[in-house]
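What follows is run.pdb (PDB, C-alpha atoms).
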ATOM      1  CA  MET P   1     162.720  78.488  64.337
ATOM      2  CA  LEU P   2     162.971  79.038  60.588
ATOM      3  CA  GLU P   3     164.471  75.568  60.306
ATOM      4  CA  ALA P   4     161.297  73.991  61.716
ATOM      5  CA  GLY P   5     159.126  75.973  59.305
ATOM      6  CA  LEU P   6     161.359  75.047  56.378
ATOM      7  CA  PHE P   7     161.217  71.373  57.363
ATOM      8  CA  ASN P   8     157.408  71.453  57.474
ATOM      9  CA  THR P   9     157.267  73.208  54.097
ATOM     10  CA  ILE P  10     159.569  70.669  52.451
ATOM     11  CA  LYS P  11     157.729  67.744  54.054
ATOM     12  CA  VAL P  12     154.335  68.905  52.828
ATOM     13  CA  ALA P  13     155.705  69.782  49.377
ATOM     14  CA  LEU P  14     157.329  66.368  48.859
ATOM     15  CA  LEU P  15     154.243  64.463  49.993
ATOM     16  CA  ALA P  16     151.954  66.662  47.897
ATOM     17  CA  ILE P  17     154.147  66.268  44.803
ATOM     18  CA  THR P  18     154.092  62.485  45.159
ATOM     19  CA  PHE P  19     150.377  62.025  45.804
ATOM     20  CA  SER P  20     149.159  64.774  43.456
ATOM     21  CA  THR P  21     151.139  63.217  40.598
ATOM     22  CA  ILE P  22     149.585  59.802  41.205
ATOM     23  CA  VAL P  23     146.053  61.169  41.554
ATOM     24  CA  GLY P  24     146.485  63.672  38.706
ATOM     25  CA  VAL P  25     147.745  61.065  36.246
ATOM     26  CA  GLY P  26     144.872  58.755  37.119
ATOM     27  CA  LEU P  27     142.336  61.558  36.771
ATOM     28  CA  GLY P  28     143.860  62.657  33.459
ATOM     29  CA  VAL P  29     143.621  59.138  32.051
ATOM     30  CA  LEU P  30     140.005  58.874  33.208
ATOM     31  CA  ARG P  31     139.264  62.102  31.306
ATOM     32  CA  LEU P  32     139.781  60.072  28.117
ATOM     33  CA  SER P  33     137.884  56.987  29.238
ATOM     34  CA  THR P  34     135.515  55.342  26.787
ATOM     35  CA  ASN P  35     132.911  55.170  29.545
ATOM     36  CA  TRP P  36     130.655  58.252  29.347
ATOM     37  CA  LEU P  37     129.946  58.396  33.072
ATOM     38  CA  VAL P  38     133.578  57.999  34.144
ATOM     39  CA  ARG P  39     134.796  60.518  31.565
ATOM     40  CA  ASN P  40     132.310  63.208  32.545
ATOM     41  CA  LEU P  41     132.708  62.570  36.261
ATOM     42  CA  ALA P  42     136.474  63.075  35.939
ATOM     43  CA  PHE P  43     135.801  66.227  33.911
ATOM     44  CA  ALA P  44     133.440  67.602  36.565
ATOM     45  CA  ILE P  45     135.913  66.905  39.382
ATOM     46  CA  GLY P  46     138.766  68.584  37.525
ATOM     47  CA  GLU P  47     136.676  71.628  36.604
ATOM     48  CA  PHE P  48     135.404  72.054  40.149
ATOM     49  CA  ILE P  49     138.898  71.840  41.629
ATOM     50  CA  ARG P  50     140.513  74.218  39.165
ATOM     51  CA  ASN P  51     137.763  76.838  39.304
ATOM     52  CA  THR P  52     137.483  77.293  43.059
ATOM     53  CA  PRO P  53     140.035  79.268  45.124
ATOM     54  CA  ILE P  54     142.561  77.143  46.948
ATOM     55  CA  LEU P  55     141.978  79.071  50.178
ATOM     56  CA  ILE P  56     138.285  78.129  50.144
ATOM     57  CA  GLN P  57     139.276  74.503  49.558
ATOM     58  CA  LEU P  58     141.562  74.728  52.581
ATOM     59  CA  MET P  59     138.721  76.063  54.725
ATOM     60  CA  PHE P  60     136.487  73.209  53.552
ATOM     61  CA  TRP P  61     138.939  70.448  54.379
ATOM     62  CA  TYR P  62     139.901  71.974  57.727
ATOM     63  CA  PHE P  63     136.599  73.170  59.177
ATOM     64  CA  ALA P  64     134.043  71.000  57.366
ATOM     65  CA  VAL P  65     135.957  67.712  57.340
ATOM     66  CA  LEU P  66     138.885  67.368  59.726
ATOM     67  CA  LEU P  67     137.462  69.316  62.666
ATOM     68  CA  GLN P  68     134.246  67.309  62.369
ATOM     69  CA  LEU P  69     136.019  64.031  63.064
ATOM     70  CA  PRO P  70     135.174  62.132  66.262
ATOM     71  CA  SER P  71     136.635  63.405  69.514
ATOM     72  CA  ALA P  72     139.250  61.445  71.430
ATOM     73  CA  ALA P  73     136.567  59.913  73.655
ATOM     74  CA  SER P  74     134.553  58.510  70.741
ATOM     75  CA  ALA P  75     137.366  57.737  68.275
ATOM     76  CA  THR P  76     138.008  54.136  67.290
ATOM     77  CA  ASN P  77     140.854  52.237  65.739
ATOM     78  CA  ILE P  78     140.385  51.287  62.104
ATOM     79  CA  HIS P  79     141.550  47.672  61.888
ATOM     80  CA  LYS P  80     143.932  48.519  64.771
ATOM     81  CA  TRP P  81     146.211  50.285  62.278
ATOM     82  CA  PHE P  82     144.735  53.748  61.873
ATOM     83  CA  VAL P  83     143.252  56.271  64.259
ATOM     84  CA  VAL P  84     141.323  59.256  62.947
ATOM     85  CA  GLU P  85     140.176  61.893  65.434
ATOM     86  CA  GLN P  86     140.018  65.647  65.928
ATOM     87  CA  SER P  87     143.613  65.804  67.116
ATOM     88  CA  GLY P  88     144.813  64.387  63.806
ATOM     89  CA  VAL P  89     145.476  61.232  61.874
ATOM     90  CA  PHE P  90     147.680  58.484  63.304
ATOM     91  CA  LEU P  91     149.299  55.960  60.964
ATOM     92  CA  PRO P  92     151.635  52.980  61.476
ATOM     93  CA  PHE P  93     155.310  53.921  61.404
ATOM     94  CA  PRO P  94     158.085  51.382  60.682
ATOM     95  CA  HIS P  95     161.411  51.766  62.449
ATOM     96  CA  LEU P  96     164.546  49.752  63.102
ATOM     97  CA  SER P  97     164.442  47.347  66.005
ATOM     98  CA  ASP P  98     166.416  48.212  69.117
ATOM     99  CA  SER P  99     168.701  45.221  68.547
ATOM    100  CA  ALA P 100     169.789  46.407  65.102
ATOM    101  CA  GLU P 101     173.499  47.153  64.775
ATOM    102  CA  PRO P 102     174.913  50.002  62.620
ATOM    103  CA  ALA P 103     176.498  47.394  60.349
ATOM    104  CA  SER P 104     173.081  45.886  59.608
ATOM    105  CA  ALA P 105     171.772  49.241  58.415
ATOM    106  CA  LEU P 106     174.800  49.535  56.138
ATOM    107  CA  PHE P 107     174.103  46.073  54.742
ATOM    108  CA  VAL P 108     170.532  47.090  53.960
ATOM    109  CA  ALA P 109     171.698  50.227  52.136
ATOM    110  CA  VAL P 110     174.104  48.160  50.035
ATOM    111  CA  ALA P 111     171.376  45.598  49.304
ATOM    112  CA  ILE P 112     168.998  48.335  48.142
ATOM    113  CA  ALA P 113     171.708  49.671  45.828
ATOM    114  CA  PHE P 114     172.257  46.202  44.341
ATOM    115  CA  LEU P 115     168.535  45.575  43.856
ATOM    116  CA  ALA P 116     168.042  49.007  42.279
ATOM    117  CA  ALA P 117     170.911  48.360  39.865
ATOM    118  CA  ALA P 118     169.390  44.974  38.994
ATOM    119  CA  CYS P 119     166.258  46.783  37.785
ATOM    120  CA  LEU P 120     168.188  48.872  35.247
ATOM    121  CA  ARG P 121     167.833  47.514  31.741
ATOM    122  CA  ARG P 122     171.142  49.011  30.634
ATOM    123  CA  PHE P 123     172.957  46.070  32.231
ATOM    124  CA  PRO P 124     173.099  42.686  30.453
ATOM    125  CA  ALA P 125     170.806  39.963  31.753
ATOM    126  CA  ARG P 126     173.638  38.017  33.380
ATOM    127  CA  TRP P 127     174.807  41.118  35.267
ATOM    128  CA  ARG P 128     171.286  41.846  36.455
ATOM    129  CA  ILE P 129     170.917  38.282  37.756
ATOM    130  CA  ALA P 130     174.267  38.593  39.523
ATOM    131  CA  LEU P 131     173.249  41.909  41.112
ATOM    132  CA  LEU P 132     169.950  40.418  42.229
ATOM    133  CA  GLY P 133     171.719  37.465  43.825
ATOM    134  CA  ALA P 134     174.231  39.766  45.528
ATOM    135  CA  GLY P 135     171.429  41.919  46.909
ATOM    136  CA  LEU P 136     169.630  38.896  48.348
ATOM    137  CA  CYS P 137     172.872  37.659  49.938
ATOM    138  CA  VAL P 138     173.502  41.037  51.540
ATOM    139  CA  ILE P 139     169.939  41.079  52.897
ATOM    140  CA  GLY P 140     170.607  37.691  54.476
ATOM    141  CA  ALA P 141     173.785  39.044  56.022
ATOM    142  CA  SER P 142     171.893  42.033  57.427
ATOM    143  CA  TYR P 143     169.372  39.795  59.162
ATOM    144  CA  ALA P 144     172.203  37.667  60.531
ATOM    145  CA  SER P 145     173.738  40.814  62.036
ATOM    146  CA  GLY P 146     170.544  41.647  63.916
ATOM    147  CA  PHE P 147     168.611  43.773  61.461
ATOM    148  CA  GLY P 148     164.892  43.960  62.051
ATOM    149  CA  ILE P 149     161.975  46.285  61.433
ATOM    150  CA  ASN P 150     159.284  46.963  63.989
ATOM    151  CA  VAL P 151     156.015  48.745  63.312
ATOM    152  CA  ASP P 152     154.933  51.394  65.809
ATOM    153  CA  LEU P 153     151.131  51.186  65.867
ATOM    154  CA  PRO P 154     148.936  53.997  67.188
ATOM    155  CA  VAL P 155     147.277  53.206  70.518
ATOM    156  CA  LEU P 156     143.970  54.811  71.453
ATOM    157  CA  GLY P 157     143.867  55.873  75.101
ATOM    158  CA  ARG P 158     141.527  57.789  77.352
ATOM    159  CA  PHE P 159     143.002  61.171  76.407
ATOM    160  CA  GLY P 160     143.646  60.463  72.758
ATOM    161  CA  ALA P 161     145.892  58.372  70.564
ATOM    162  CA  THR P 162     149.636  57.980  71.002
ATOM    163  CA  GLY P 163     152.368  56.340  68.963
ATOM    164  CA  GLY P 164     152.696  55.845  65.236
ATOM    165  CA  LEU P 165     153.076  58.631  62.718
ATOM    166  CA  HIS P 166     150.970  61.654  63.635
ATOM    167  CA  PHE P 167     149.600  64.195  61.170
ATOM    168  CA  SER P 168     148.028  67.191  62.881
ATOM    169  CA  PRO P 169     144.688  68.505  61.557
ATOM    170  CA  GLU P 170     146.458  71.598  60.229
ATOM    171  CA  MET P 171     149.094  69.629  58.344
ATOM    172  CA  SER P 172     146.505  67.155  57.059
ATOM    173  CA  ALA P 173     144.311  69.992  55.776
ATOM    174  CA  VAL P 174     147.195  71.746  54.013
ATOM    175  CA  LEU P 175     148.448  68.486  52.504
ATOM    176  CA  ILE P 176     145.033  67.346  51.274
ATOM    177  CA  THR P 177     144.200  70.787  49.883
ATOM    178  CA  ILE P 178     147.431  71.178  47.929
ATOM    179  CA  MET P 179     147.358  67.576  46.746
ATOM    180  CA  VAL P 180     143.773  67.757  45.469
ATOM    181  CA  ASN P 181     144.213  71.209  43.946
ATOM    182  CA  SER P 182     147.414  70.263  42.120
ATOM    183  CA  ALA P 183     145.916  66.941  40.987
ATOM    184  CA  GLY P 184     143.218  68.898  39.148
ATOM    185  CA  TYR P 185     145.822  70.860  37.183
ATOM    186  CA  ILE P 186     148.049  67.822  36.587
ATOM    187  CA  SER P 187     145.061  65.934  35.166
ATOM    188  CA  GLU P 188     144.667  68.617  32.506
ATOM    189  CA  ILE P 189     148.394  68.501  31.745
ATOM    190  CA  VAL P 190     148.248  64.725  31.325
ATOM    191  CA  ARG P 191     145.082  64.906  29.227
ATOM    192  CA  GLY P 192     146.640  67.485  26.910
ATOM    193  CA  GLY P 193     149.787  65.378  26.575
ATOM    194  CA  ILE P 194     147.812  62.261  25.701
ATOM    195  CA  GLU P 195     145.676  64.071  23.134
ATOM    196  CA  GLY P 196     148.814  65.630  21.642
ATOM    197  CA  LEU P 197     150.318  62.209  20.971
ATOM    198  CA  ALA P 198     150.156  61.023  17.389
ATOM    199  CA  LYS P 199     147.172  58.772  16.688
ATOM    200  CA  GLY P 200     149.502  56.397  14.913
ATOM    201  CA  GLN P 201     150.788  55.266  18.335
ATOM    202  CA  TRP P 202     147.291  54.098  19.294
ATOM    203  CA  GLU P 203     146.805  52.406  15.926
ATOM    204  CA  ALA P 204     150.163  50.647  16.111
ATOM    205  CA  ALA P 205     149.373  49.366  19.615
ATOM    206  CA  ALA P 206     145.958  48.138  18.442
ATOM    207  CA  ALA P 207     147.606  46.382  15.493
ATOM    208  CA  LEU P 208     149.851  44.540  17.954
ATOM    209  CA  GLY P 209     146.799  43.345  19.860
ATOM    210  CA  LEU P 210     147.406  45.428  22.995
ATOM    211  CA  SER P 211     144.421  46.254  25.146
ATOM    212  CA  ARG P 212     143.564  49.870  25.921
ATOM    213  CA  ALA P 213     144.971  49.574  29.442
ATOM    214  CA  ASP P 214     148.232  48.054  28.149
ATOM    215  CA  THR P 215     148.458  50.746  25.479
ATOM    216  CA  ILE P 216     148.120  53.531  28.025
ATOM    217  CA  ARG P 217     150.593  51.952  30.444
ATOM    218  CA  ASP P 218     153.267  50.734  28.028
ATOM    219  CA  VAL P 219     152.962  53.018  24.999
ATOM    220  CA  VAL P 220     151.158  56.268  25.789
ATOM    221  CA  LEU P 221     152.260  57.339  29.269
ATOM    222  CA  PRO P 222     156.020  56.768  28.749
ATOM    223  CA  GLN P 223     155.896  59.105  25.749
ATOM    224  CA  VAL P 224     153.555  61.596  27.400
ATOM    225  CA  PHE P 225     155.866  62.138  30.363
ATOM    226  CA  ARG P 226     158.603  63.201  27.952
ATOM    227  CA  ILE P 227     156.272  65.902  26.674
ATOM    228  CA  ILE P 228     154.777  67.202  29.904
ATOM    229  CA  ILE P 229     157.864  67.440  32.146
ATOM    230  CA  PRO P 230     158.219  71.251  31.679
ATOM    231  CA  SER P 231     154.542  71.749  32.548
ATOM    232  CA  LEU P 232     154.813  69.433  35.544
ATOM    233  CA  THR P 233     157.849  71.384  36.714
ATOM    234  CA  ASN P 234     155.844  74.611  36.746
ATOM    235  CA  ARG P 235     153.078  72.867  38.666
ATOM    236  CA  TYR P 236     155.515  71.493  41.248
ATOM    237  CA  ILE P 237     157.046  74.939  41.775
ATOM    238  CA  SER P 238     153.593  76.479  42.248
ATOM    239  CA  LEU P 239     152.664  73.641  44.587
ATOM    240  CA  THR P 240     155.686  74.339  46.773
ATOM    241  CA  LYS P 241     154.801  78.021  47.019
ATOM    242  CA  ASP P 242     151.169  77.153  47.789
ATOM    243  CA  THR P 243     152.284  75.701  51.134
ATOM    244  CA  ALA P 244     152.232  79.306  52.390
ATOM    245  CA  ILE P 245     148.418  79.057  52.666
ATOM    246  CA  GLY P 246     149.018  77.144  55.901
ATOM    247  CA  ILE P 247     149.199  80.509  57.664
ATOM    248  CA  ALA P 248     145.399  80.748  57.326
ATOM    249  CA  ILE P 249     144.857  77.868  59.781
ATOM    250  CA  GLY P 250     147.983  78.217  61.907
ATOM    251  CA  PHE P 251     150.115  75.511  60.335
ATOM    252  CA  PRO P 252     153.766  76.308  61.217
ATOM    253  CA  GLU P 253     155.194  76.356  57.697
ATOM    254  CA  LEU P 254     157.968  78.676  56.546
ATOM    255  CA  PHE P 255     155.889  81.801  55.924
ATOM    256  CA  ASN P 256     153.937  81.443  59.167
ATOM    257  CA  VAL P 257     157.055  80.941  61.258
ATOM    258  CA  SER P 258     158.751  83.891  59.589
ATOM    259  CA  GLY P 259     156.061  86.190  61.041
ATOM    260  CA  THR P 260     156.938  85.021  64.539
ATOM    261  CA  VAL P 261     160.638  85.553  63.862
ATOM    262  CA  ALA P 262     159.982  89.056  62.539
ATOM    263  CA  ASN P 263     157.941  89.940  65.643
ATOM    264  CA  GLN P 264     160.623  88.673  67.995
ATOM    265  CA  THR P 265     163.567  90.283  66.245
ATOM    266  CA  GLY P 266     161.963  93.415  64.811
ATOM    267  CA  ARG P 267     163.668  92.661  61.487
ATOM    268  CA  ASP P 268     160.645  92.562  59.207
ATOM    269  CA  PHE P 269     162.425  93.506  55.991
ATOM    270  CA  GLU P 270     165.344  91.113  56.496
ATOM    271  CA  THR P 271     163.001  88.251  57.429
ATOM    272  CA  VAL P 272     160.898  88.715  54.310
ATOM    273  CA  ILE P 273     164.022  88.788  52.132
ATOM    274  CA  VAL P 274     165.285  85.551  53.714
ATOM    275  CA  VAL P 275     161.933  83.817  53.203
ATOM    276  CA  MET P 276     161.769  84.953  49.581
ATOM    277  CA  ALA P 277     165.311  83.687  49.016
ATOM    278  CA  ILE P 278     164.412  80.294  50.518
ATOM    279  CA  TYR P 279     161.361  79.937  48.273
ATOM    280  CA  LEU P 280     163.504  80.968  45.297
ATOM    281  CA  LEU P 281     166.113  78.359  46.227
ATOM    282  CA  LEU P 282     163.455  75.639  46.542
ATOM    283  CA  SER P 283     162.080  76.575  43.118
ATOM    284  CA  TRP P 284     165.558  76.432  41.593
ATOM    285  CA  ILE P 285     166.184  72.993  43.098
ATOM    286  CA  ILE P 286     162.919  71.626  41.687
ATOM    287  CA  SER P 287     163.667  73.175  38.302
ATOM    288  CA  ALA P 288     167.217  71.776  38.275
ATOM    289  CA  LEU P 289     166.022  68.256  39.107
ATOM    290  CA  ALA P 290     163.307  68.412  36.451
ATOM    291  CA  ASN P 291     165.766  69.700  33.848
ATOM    292  CA  PHE P 292     168.155  66.871  34.728
ATOM    293  CA  VAL P 293     165.403  64.299  34.186
ATOM    294  CA  ASN P 294     164.360  66.038  30.982
ATOM    295  CA  ARG P 295     167.922  65.930  29.609
ATOM    296  CA  ARG P 296     168.258  62.248  30.467
ATOM    297  CA  ILE P 297     165.009  61.428  28.692
ATOM    298  CA  ALA P 298     166.020  63.504  25.675
ATOM    299  CA  LEU P 299     169.346  61.662  25.440
ATOM    300  CA  GLU P 300     167.667  58.277  25.647
ATOM    301  CA  ARG P 301     165.132  59.314  23.008
ATOM    302  CA  ALA P 302     167.908  60.558  20.711
TER
END

Could you write out this structure as structure tokens?
Amino acid sequence: MLEAGLFNTIKVALLAITFSTIVGVGLGVLRLSTNWLVRNLAFAIGEFIRNTPILIQLMFWYFAVLLQLPSAASATNIHKWFVVEQSGVFLPFPHLSDSAEPASALFVAVAIAFLAAACLRRFPARWRIALLGAGLCVIGASYASGFGINVDLPVLGRFGATGGLHFSPEMSAVLITIMVNSAGYISEIVRGGIEGLAKGQWEAAAALGLSRADTIRDVVLPQVFRIIIPSLTNRYISLTKDTAIGIAIGFPELFNVSGTVANQTGRDFETVIVVMAIYLLLSWIISALANFVNRRIALERA
């Protein structure tokens, strides 16, 4: 049972880390926009998110938004790809076709490795072209061996939707809450990193004729991420621990499931110690990965 709770915790944490980083970086850049309305709107959103308790945000998304969605009888498909109703959110889900052979999946993995290597600038141009050609050839071989991808679309029936990738209301509420809450903090981290960058970088980019968007994308953000990785690491660790708020709405994450295990076994103390050790291990893994990236960036910069 703990395995299911741990899987849900890791799934929510990974999705929240990905989406909160994207949203947080965008919000942090908008905080420094030259447009007065956009700049102050981003400021207001960030301040509101960071100055309200995360548990209240969870209650808002769960009770005021997700549980107010249409019932199964009145729900409709959105462009026949998405279904949003009280029982959750249904999204398209790609999967291998039934005719795919194991060898075709291996070919695809090799092709992805070749294409990823072709994107690395450390290789000479001729090697990158060769890797790209090899990857395309392997993809052709995979299709010849029966590889194919089907998309499982959600189907709306009389008693609700079926098929596709299903996110329950509880998981959707926890994911949205943690993503939005963390995005507010990440936006401040990004804003501080951008303002801490030397003004000479902006002036040099302007002297080269780069637009503001090109300057942010090609000059500012690559340097900012080298500065803010330790702060992002702390945010990611806190984000992972924040998944425990799912117990408030019955989402079966690690902490919630541990209560059931403790009730069934009568081992309250041992269960709490195990859960604490798992959270500690997850935090160490995130910290180790971030430190690895930080060392790689520091070596490249040196």

Phe48 of chain P proximity check over P:Tyr279, P:Trp202, P:Tyr185, P:Phe167, using all atoms listed in the file: winner is P:Tyr185

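Once the PyMOL selection byres ((chain P and resi 5-7) around 6) is applied to the depicted file, the selected set reads Leu2, Glu3, Ala4, Asn8, Thr9, Ile10, Pro252, Glu253, Leu254 and Val257 of chain P.
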
Can I get the selected residues back with C-alpha atoms, as a PDB file, in the frame of the given file?
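The resulting file, result.pdb, is shown below:
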ATOM      1  CA  LEU P   2     162.971  79.038  60.588  1.00  0.00           C
ATOM      2  CA  GLU P   3     164.471  75.568  60.306  1.00  0.00           C
ATOM      3  CA  ALA P   4     161.297  73.991  61.716  1.00  0.00           C
ATOM      4  CA  ASN P   8     157.408  71.453  57.474  1.00  0.00           C
ATOM      5  CA  THR P   9     157.267  73.208  54.097  1.00  0.00           C
ATOM      6  CA  ILE P  10     159.569  70.669  52.451  1.00  0.00           C
ATOM      7  CA  PRO P 252     153.766  76.308  61.217  1.00  0.00           C
ATOM      8  CA  GLU P 253     155.194  76.356  57.697  1.00  0.00           C
ATOM      9  CA  LEU P 254     157.968  78.676  56.546  1.00  0.00           C
ATOM     10  CA  VAL P 257     157.055  80.941  61.258  1.00  0.00           C
TER      11      VAL P 257
END

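For the pair atom CA of Val224 of chain P and atom CA of Ala198 of chain P, the separation is 10.6 Å.
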
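Taken over the whole file, the PyMOL selection byres ((chain P and resi 221) around 10) covers exactly Val25, Val29, Val190, Gly193, Ile194, Leu197, Thr215, Ile216, Arg217, Asp218, Val219, Val220, Pro222, Gln223, Val224, Phe225, Arg226 and Ile227 of chain P.
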
Go ahead and write the residues just picked, C-alpha atoms, as a tab-separated table (two decimals), keeping the file's coordinate frame.
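So the final result, stored in result_30.tsv, reads:
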chain	number	residue	atom	x	y	z
P	25	VAL	CA	147.74	61.06	36.25
P	29	VAL	CA	143.62	59.14	32.05
P	190	VAL	CA	148.25	64.72	31.32
P	193	GLY	CA	149.79	65.38	26.58
P	194	ILE	CA	147.81	62.26	25.70
P	197	LEU	CA	150.32	62.21	20.97
P	215	THR	CA	148.46	50.75	25.48
P	216	ILE	CA	148.12	53.53	28.02
P	217	ARG	CA	150.59	51.95	30.44
P	218	ASP	CA	153.27	50.73	28.03
P	219	VAL	CA	152.96	53.02	25.00
P	220	VAL	CA	151.16	56.27	25.79
P	222	PRO	CA	156.02	56.77	28.75
P	223	GLN	CA	155.90	59.10	25.75
P	224	VAL	CA	153.56	61.60	27.40
P	225	PHE	CA	155.87	62.14	30.36
P	226	ARG	CA	158.60	63.20	27.95
P	227	ILE	CA	156.27	65.90	26.67

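Atom CA of Leu91 of chain P sits 26.0 Å away from atom CA of Asn256 of chain P.
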
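Here the question is which of P:Ile176, P:Gly28, P:Asn51, P:Ala109 gets nearest to Val65 of chain P using all atoms listed in the file, and that residue is P:Ile176.
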
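Here the question is which of P:Thr177, P:Ser168, P:Ser71, P:Thr243 gets nearest to Val12 of chain P using only C-alpha atoms, and that residue is P:Thr243.
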
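Of the residues listed (P:Leu27, P:Ile297, P:Ile285, P:Ala173), P:Ala173 shows the shortest atom-to-atom separation from Leu67 of chain P; distances use only C-alpha atoms.
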
Would you kindly translate the PyMOL selection byres ((chain P and resi 50) around 10) into the concrete residues it picks from this file, as a compact mmCIF listing (two decimals) with C-alpha atoms, in the frame of the given file?
# COMPACT_ATOMS: atom_id res chain seq x y z
CA ILE P 45 135.91 66.90 39.38
CA GLY P 46 138.77 68.58 37.52
CA GLU P 47 136.68 71.63 36.60
CA PHE P 48 135.40 72.05 40.15
CA ILE P 49 138.90 71.84 41.63
CA ASN P 51 137.76 76.84 39.30
CA THR P 52 137.48 77.29 43.06
CA PRO P 53 140.04 79.27 45.12
CA ILE P 54 142.56 77.14 46.95
CA VAL P 180 143.77 67.76 45.47
CA ASN P 181 144.21 71.21 43.95
CA SER P 182 147.41 70.26 42.12
CA ALA P 183 145.92 66.94 40.99
CA GLY P 184 143.22 68.90 39.15
CA TYR P 185 145.82 70.86 37.18
CA GLU P 188 144.67 68.62 32.51

What separation in Å, quoted to one decimal, exists between atom CA of Glu85 of chain P and atom CA of Ala248 of chain P?
21.2 Å
